[in-house]
$ cat work.txt   # compact mmCIF, C-alpha atoms
# COMPACT_ATOMS: atom_id res chain seq x y z
CA MET A 310 0.00 0.00 0.00
CA PRO A 311 1.36 3.48 -0.82
CA ASN A 312 2.97 5.24 2.10
CA ASP A 313 0.97 8.47 2.00
CA GLU A 314 -0.64 8.44 5.43
CA ARG A 315 1.74 11.06 6.80
CA GLU A 316 1.27 13.23 3.76
CA ILE A 317 -2.46 13.38 3.19
CA SER A 318 -5.66 12.02 4.67
CA LEU A 319 -8.10 11.15 1.91
CA ARG A 320 -10.90 11.00 4.44
CA ASP A 321 -10.27 14.56 5.66
CA LEU A 322 -9.89 15.77 2.11
CA ALA A 323 -13.17 14.12 1.13
CA ILE A 324 -14.97 15.72 4.07
CA PHE A 325 -13.38 19.11 3.42
CA LEU A 326 -14.41 19.08 -0.25
CA THR A 327 -17.87 17.58 0.10
CA ALA A 328 -19.41 18.07 3.56
CA LEU A 329 -20.63 21.60 2.85
CA GLY A 330 -21.86 20.62 -0.59
CA ARG A 331 -21.57 22.58 -3.81
CA ASP A 332 -21.68 25.90 -1.96
CA LEU A 333 -18.21 25.40 -0.46
CA PRO A 334 -16.69 28.36 -2.36
CA LYS A 335 -19.45 30.63 -1.01
CA TYR A 336 -18.88 29.36 2.52
CA LEU A 337 -15.15 30.01 2.23
CA GLU A 338 -15.83 33.56 1.05
CA ASN A 339 -18.01 34.10 4.09
CA PRO A 340 -16.74 31.65 6.76
CA GLY A 341 -19.06 33.09 9.39
CA ARG A 342 -21.93 31.14 7.78
CA ILE A 343 -20.18 27.80 8.20
CA HIS A 344 -21.29 27.42 11.84
CA ASN A 345 -24.92 27.34 10.68
CA HIS A 346 -24.38 24.34 8.45
CA PRO A 347 -25.54 21.00 9.95
CA ARG A 348 -22.21 19.38 9.10
CA ALA A 349 -20.11 22.30 10.32
CA LYS A 350 -18.45 20.38 13.18
CA VAL A 351 -17.27 17.53 10.95
CA TRP A 352 -16.09 19.94 8.27
CA ILE A 353 -14.18 22.13 10.76
CA ASN A 354 -12.42 19.07 12.21
CA ALA A 355 -11.38 17.88 8.75
CA ALA A 356 -10.27 21.36 7.66
CA LEU A 357 -8.25 21.80 10.87
CA ASN A 358 -6.59 18.40 10.33
CA LEU A 359 -5.64 19.48 6.82
CA GLY A 360 -4.42 22.81 8.18
CA VAL A 361 -6.43 24.92 5.74
CA ILE A 362 -8.34 26.87 8.38
CA GLY A 363 -7.56 28.37 11.73
CA ILE A 364 -9.88 29.42 14.53
CA GLU A 365 -9.37 32.72 16.28
CA GLU A 366 -11.88 33.75 18.98
CA SER A 367 -14.36 31.24 17.53
CA ARG A 368 -13.99 32.83 14.09
CA ILE A 369 -12.96 30.63 11.17
CA ILE A 370 -9.99 31.97 9.21
CA VAL A 371 -9.40 30.39 5.80
CA LYS A 372 -5.68 30.01 5.12
CA LYS A 373 -5.31 30.35 1.36
CA ASP A 374 -1.56 29.69 1.50
CA SER A 375 -2.19 26.42 3.33
CA LEU A 376 -4.79 25.55 0.72
CA ARG A 377 -2.15 26.08 -1.98
CA ALA A 378 0.28 23.95 0.01
CA LEU A 379 -2.37 21.24 0.29
CA MET A 380 -2.84 21.33 -3.48
CA ALA A 381 0.89 20.88 -3.92
CA ARG A 382 0.80 17.93 -1.53
CA ILE A 383 -2.09 16.38 -3.45
CA ARG A 384 -0.16 16.80 -6.68
CA GLU A 385 2.86 15.06 -5.13
CA VAL A 386 0.85 12.17 -3.71
CA PHE A 387 -0.94 11.57 -7.00
CA SER A 388 2.40 11.72 -8.84
CA GLU A 389 3.72 9.00 -6.53
CA TRP A 390 0.63 6.88 -7.14
CA ILE A 391 0.80 7.40 -10.89
CA SER A 392 4.51 6.59 -11.08
CA SER A 393 3.90 3.44 -9.00
CA LEU A 394 1.59 2.20 -11.75
CA SER A 395 4.22 2.21 -14.48
CA MET B 1494 -54.11 -69.54 -14.24
CA ASP B 1495 -50.61 -68.28 -15.07
CA ILE B 1496 -51.82 -67.07 -18.44
CA LEU B 1497 -54.61 -65.09 -16.74
CA ILE B 1498 -52.11 -63.35 -14.43
CA ILE B 1499 -49.80 -62.50 -17.36
CA LEU B 1500 -52.80 -61.20 -19.33
CA ALA B 1501 -53.94 -59.07 -16.40
CA LEU B 1502 -50.44 -57.61 -16.01
CA LEU B 1503 -50.29 -56.86 -19.74
CA ILE B 1504 -53.65 -55.10 -19.58
CA ILE B 1505 -52.49 -53.02 -16.60
CA VAL B 1506 -49.28 -51.99 -18.42
CA LEU B 1507 -51.25 -51.12 -21.55
CA VAL B 1508 -53.81 -49.06 -19.67
CA TYR B 1509 -51.07 -47.23 -17.75
CA THR B 1510 -49.17 -46.50 -20.98
CA LEU B 1511 -52.34 -45.14 -22.61
CA TYR B 1512 -53.05 -43.04 -19.49
CA ARG B 1513 -49.54 -41.52 -19.59
CA LEU B 1514 -49.78 -40.74 -23.31
CA TRP B 1515 -53.20 -39.11 -23.02
CA PRO B 1516 -52.91 -35.28 -23.24
CA ASN B 1517 -53.02 -33.69 -19.79
CA GLU B 1518 -55.93 -31.31 -20.25
CA ILE B 1519 -55.78 -29.99 -16.71
CA ALA B 1520 -52.10 -29.04 -17.04
CA GLU B 1521 -52.76 -27.44 -20.42
CA SER B 1522 -55.65 -25.42 -19.05
CA ILE B 1523 -53.57 -24.23 -16.03
CA LYS B 1524 -50.80 -23.12 -18.40
CA GLY B 1525 -53.41 -21.25 -20.41
CA ILE B 1526 -54.81 -19.55 -17.31
CA VAL B 1527 -51.37 -18.49 -16.04
CA PHE B 1528 -50.12 -16.94 -19.28
CA GLU B 1529 -53.40 -16.10 -21.05
CA ASP B 1530 -53.73 -12.43 -20.04
CA VAL B 1531 -50.03 -11.66 -19.59
CA ARG B 1532 -48.56 -9.14 -22.00
CA GLU B 1533 -45.74 -10.20 -24.34
CA ASP B 1534 -43.21 -7.77 -22.82
CA VAL B 1535 -43.96 -9.03 -19.31
CA LEU B 1536 -43.42 -12.58 -20.48
CA MET B 1537 -40.14 -11.55 -22.11
CA ASN B 1538 -38.99 -9.84 -18.90
CA PHE B 1539 -39.86 -13.03 -17.04
CA LEU B 1540 -37.68 -15.03 -19.42
CA GLU B 1541 -34.86 -12.46 -19.41
CA ALA B 1542 -34.74 -12.34 -15.60
CA SER B 1543 -33.19 -15.76 -15.36
CA ARG B 1544 -30.46 -15.01 -17.89
CA ILE B 1545 -27.03 -13.76 -16.82
CA LYS B 1546 -26.46 -10.44 -18.53
CA LYS B 1547 -23.33 -8.36 -18.90
CA LEU B 1548 -23.77 -5.09 -17.03
CA LYS B 1549 -23.26 -2.08 -19.30
CA ILE B 1550 -21.31 0.62 -17.53
CA GLU B 1551 -21.47 4.10 -18.99
CA ARG B 1552 -18.26 6.07 -18.65
CA ILE B 1553 -18.48 9.54 -17.14
CA ASP B 1554 -16.36 12.21 -18.81
CA LEU B 1555 -14.59 13.70 -15.82
CA ARG B 1556 -14.03 17.35 -16.66
CA TRP B 1557 -14.33 20.13 -14.16
CA GLY B 1558 -17.34 22.30 -14.99
CA GLY B 1559 -17.55 24.41 -11.85
CA TRP B 1560 -18.81 23.75 -8.34
CA GLN B 1561 -22.47 23.81 -9.30
CA HIS B 1562 -21.98 20.83 -11.63
CA SER B 1563 -19.52 19.06 -9.38
CA VAL B 1564 -19.46 15.30 -8.88
CA LEU B 1565 -16.78 15.57 -6.21
CA GLU B 1566 -18.85 13.59 -3.76
CA ASP B 1567 -18.74 10.55 -6.05
CA VAL B 1568 -15.08 11.05 -6.91
CA MET B 1569 -13.97 11.42 -3.28
CA ASN B 1570 -16.15 8.51 -2.28
CA ILE B 1571 -14.29 6.30 -4.77
CA LEU B 1572 -10.96 7.40 -3.31
CA SER B 1573 -11.77 7.28 0.38
CA GLY B 1574 -14.90 5.16 0.81
CA TYR B 1575 -15.90 1.55 0.18
CA GLY B 1576 -13.62 0.17 2.90
CA ASP B 1577 -10.49 1.73 1.41
CA ALA B 1578 -10.95 -0.24 -1.80
CA PHE B 1579 -8.93 2.33 -3.74
CA ARG B 1580 -5.85 1.90 -1.55
CA TYR B 1581 -5.97 -1.89 -1.87
CA ALA B 1582 -6.50 -1.65 -5.63
CA LEU B 1583 -3.62 0.81 -5.95
CA ALA B 1584 -1.33 -1.47 -3.99
CA MET B 1585 -2.22 -4.43 -6.23
CA ARG B 1586 -2.35 -2.40 -9.48
CA LYS B 1587 -3.88 -5.35 -11.34
CA PHE B 1588 -6.22 -7.65 -9.47
CA TYR B 1589 -9.02 -10.16 -9.65
CA PHE B 1590 -12.44 -9.53 -8.11
CA ARG B 1591 -11.75 -12.22 -5.54
CA GLU B 1592 -8.47 -10.61 -4.47
CA LEU B 1593 -10.18 -7.32 -3.67
CA LEU B 1594 -13.02 -9.20 -2.02
CA MET B 1595 -10.52 -10.85 0.34
CA LYS B 1596 -9.33 -7.41 1.47
CA ILE B 1597 -12.76 -5.74 1.72
CA GLY B 1598 -14.84 -8.71 2.83
CA SER B 1599 -18.11 -7.72 1.16
CA VAL B 1600 -19.21 -8.67 -2.34
CA LYS B 1601 -21.71 -5.80 -2.40
CA VAL B 1602 -19.07 -3.21 -1.49
CA VAL B 1603 -16.51 -4.53 -4.01
CA ARG B 1604 -19.14 -4.68 -6.75
CA ALA B 1605 -20.34 -1.14 -6.02
CA TRP B 1606 -16.82 0.26 -5.84
CA LEU B 1607 -15.77 -1.41 -9.10
CA TYR B 1608 -18.93 -0.16 -10.82
CA ASN B 1609 -18.23 3.44 -9.80
CA ALA B 1610 -14.47 3.25 -10.34
CA ILE B 1611 -15.03 1.93 -13.88
CA ARG B 1612 -17.65 4.63 -14.49
CA PHE B 1613 -15.13 7.34 -13.59
CA GLY B 1614 -12.33 5.71 -15.57
CA LEU B 1615 -10.20 4.85 -12.54
CA ILE B 1616 -10.37 1.13 -13.26
CA ASP B 1617 -9.98 -0.59 -16.62
CA ILE B 1618 -11.42 -4.01 -17.34
CA THR B 1619 -8.82 -6.40 -18.71
CA TYR B 1620 -8.17 -10.14 -19.09
CA ASP B 1621 -5.23 -12.24 -17.99
CA SER B 1622 -3.35 -14.69 -20.22
CA HIS B 1623 -5.99 -17.36 -19.49
CA GLY B 1624 -8.85 -15.08 -20.49
CA ILE B 1625 -9.97 -14.50 -16.91
CA LEU B 1626 -11.51 -11.10 -16.17
CA CYS B 1627 -9.39 -8.85 -14.00
CA TYR B 1628 -9.14 -5.16 -13.22
CA LYS B 1629 -6.35 -2.63 -13.56
CA VAL B 1630 -5.90 0.81 -12.02
CA SER B 1631 -5.83 3.24 -14.91
CA ARG B 1632 -3.01 5.74 -15.05
CA GLU B 1633 -5.06 8.08 -17.23
CA GLY B 1634 -8.05 7.76 -14.92
CA LEU B 1635 -5.94 8.65 -11.90
CA GLU B 1636 -4.53 11.67 -13.74
CA GLN B 1637 -8.05 12.80 -14.64
CA ILE B 1638 -9.19 12.47 -11.03
CA ARG B 1639 -6.14 14.43 -9.83
CA ASP B 1640 -6.85 17.21 -12.32
CA TYR B 1641 -10.51 17.24 -11.33
CA ILE B 1642 -9.73 17.63 -7.62
CA LEU B 1643 -7.08 20.27 -8.24
CA SER B 1644 -9.40 22.25 -10.54
CA ALA B 1645 -12.06 22.18 -7.84
CA MET B 1646 -9.55 23.44 -5.27
CA GLU B 1647 -8.28 26.17 -7.57
CA ASP B 1648 -11.82 27.55 -7.63
CA LEU B 1649 -11.62 27.88 -3.86
CA LEU B 1650 -8.66 30.28 -4.00
$ encode --input "work.txt" --output "structure tokens"
Amino acid sequence: MPNDEREISLRDLAIFLTALGRDLPKYLENPGRIHNHPRAKVWINAALNLGVIGIEESRIIVKKDSLRALMARIREVFSEWISSLS
Amino acid sequence: MDILIILALLIIVLVYTLYRLWPNEIAESIKGIVFEDVREDVLMNFLEASRIKKLKIERIDLRWGGWQHSVLEDVMNILSGYGDAFRYALAMRKFYFRELLMKIGSVKVVRAWLYNAIRFGLIDITYDSHGILCYKVSREGLEQIRDYILSAMEDLL
């Protein structure tokens, strides 16, 4: 099995990308609304695990740089997987 | 006396043979009642149901078309759900149904994962040297999924 556990959690990524549904970009533009979503708690946990948000005085701060870093990590992990196929 | 017994036996055999050859009207009439008012297409479905058919899987063209048309839920489910089927498949690269079943432990889950993974192009159907059906993780499919996820994330920036 590929050794990617330390690099990325597919479960957290799946929750981060899907738990808030197709309105995720709108929620990230206005993070204050996230708390009202029924799956907010799960999403916040996953996003914190991935390091793409921070919480300051119960306010959610979206870290765009961390999101970029996460994308780079995803690219790396997929590259490893793809190269393991050849 | 012996001749009488033999004659009686012969008559019994003859009568029984005639009885067996006589058309079974009751059976015929029951068959008529059962199928009389049934439509042709229903009868055909009834016949088709017992046949083993090859499941047709329609491929989904995985191109990012914005969040409102996203199928990320399905894509991420293939990667992280179904009892980690993706990880096992990736480790094996090429595998038989039974091999994945041994890891996952549920025919239903393996079948559902394979169906969706084939639909999204992650898994290719192939055959081994003996003509036995097996499955292969598709390099192109994995690249498409990577691009799809990254495109979705780019829209979040």
$ residues_around --input "work.txt" --residues "Asn354 (chain A)" --least-positions-apart "2" --cutoff "12 Å" --atoms "only C-alpha atoms" --output "PyMOL selection string"
chain A and resi 320-322+324-325+328+348-352+356-364+369
$ residues_near_point --input "work.txt" --point "(-3.8, 11.7, -6.6)" --cutoff "10 Å" --atoms "only C-alpha atoms" --output "list of chain:residue names"
A:Leu319, A:Arg382, A:Ile383, A:Arg384, A:Glu385, A:Val386, A:Phe387, A:Ser388, A:Glu389, A:Trp390, A:Ile391, B:Leu1572, B:Leu1635, B:Glu1636, B:Gln1637, B:Ile1638, B:Arg1639, B:Asp1640, B:Tyr1641, B:Ile1642, B:Leu1643
$ closest_residue --input "work.txt" --among "B:Gly1525, B:Gly1576, B:Pro1516, B:Gly1559" --to "Lys1601 (chain B)" --atoms "only C-alpha atoms"
B:Gly1576
$ interface_residues --input "work.txt" --of "chain B" --to "chain A" --cutoff "8 Å" --atoms "all atoms listed in the file" --output "MDAnalysis selection string"
chainID B and resid 1560:1561 1563 1565:1566 1569:1570 1572:1574 1580:1581 1583:1586 1630 1632 1635:1636 1639 1643 1646 1648:1650
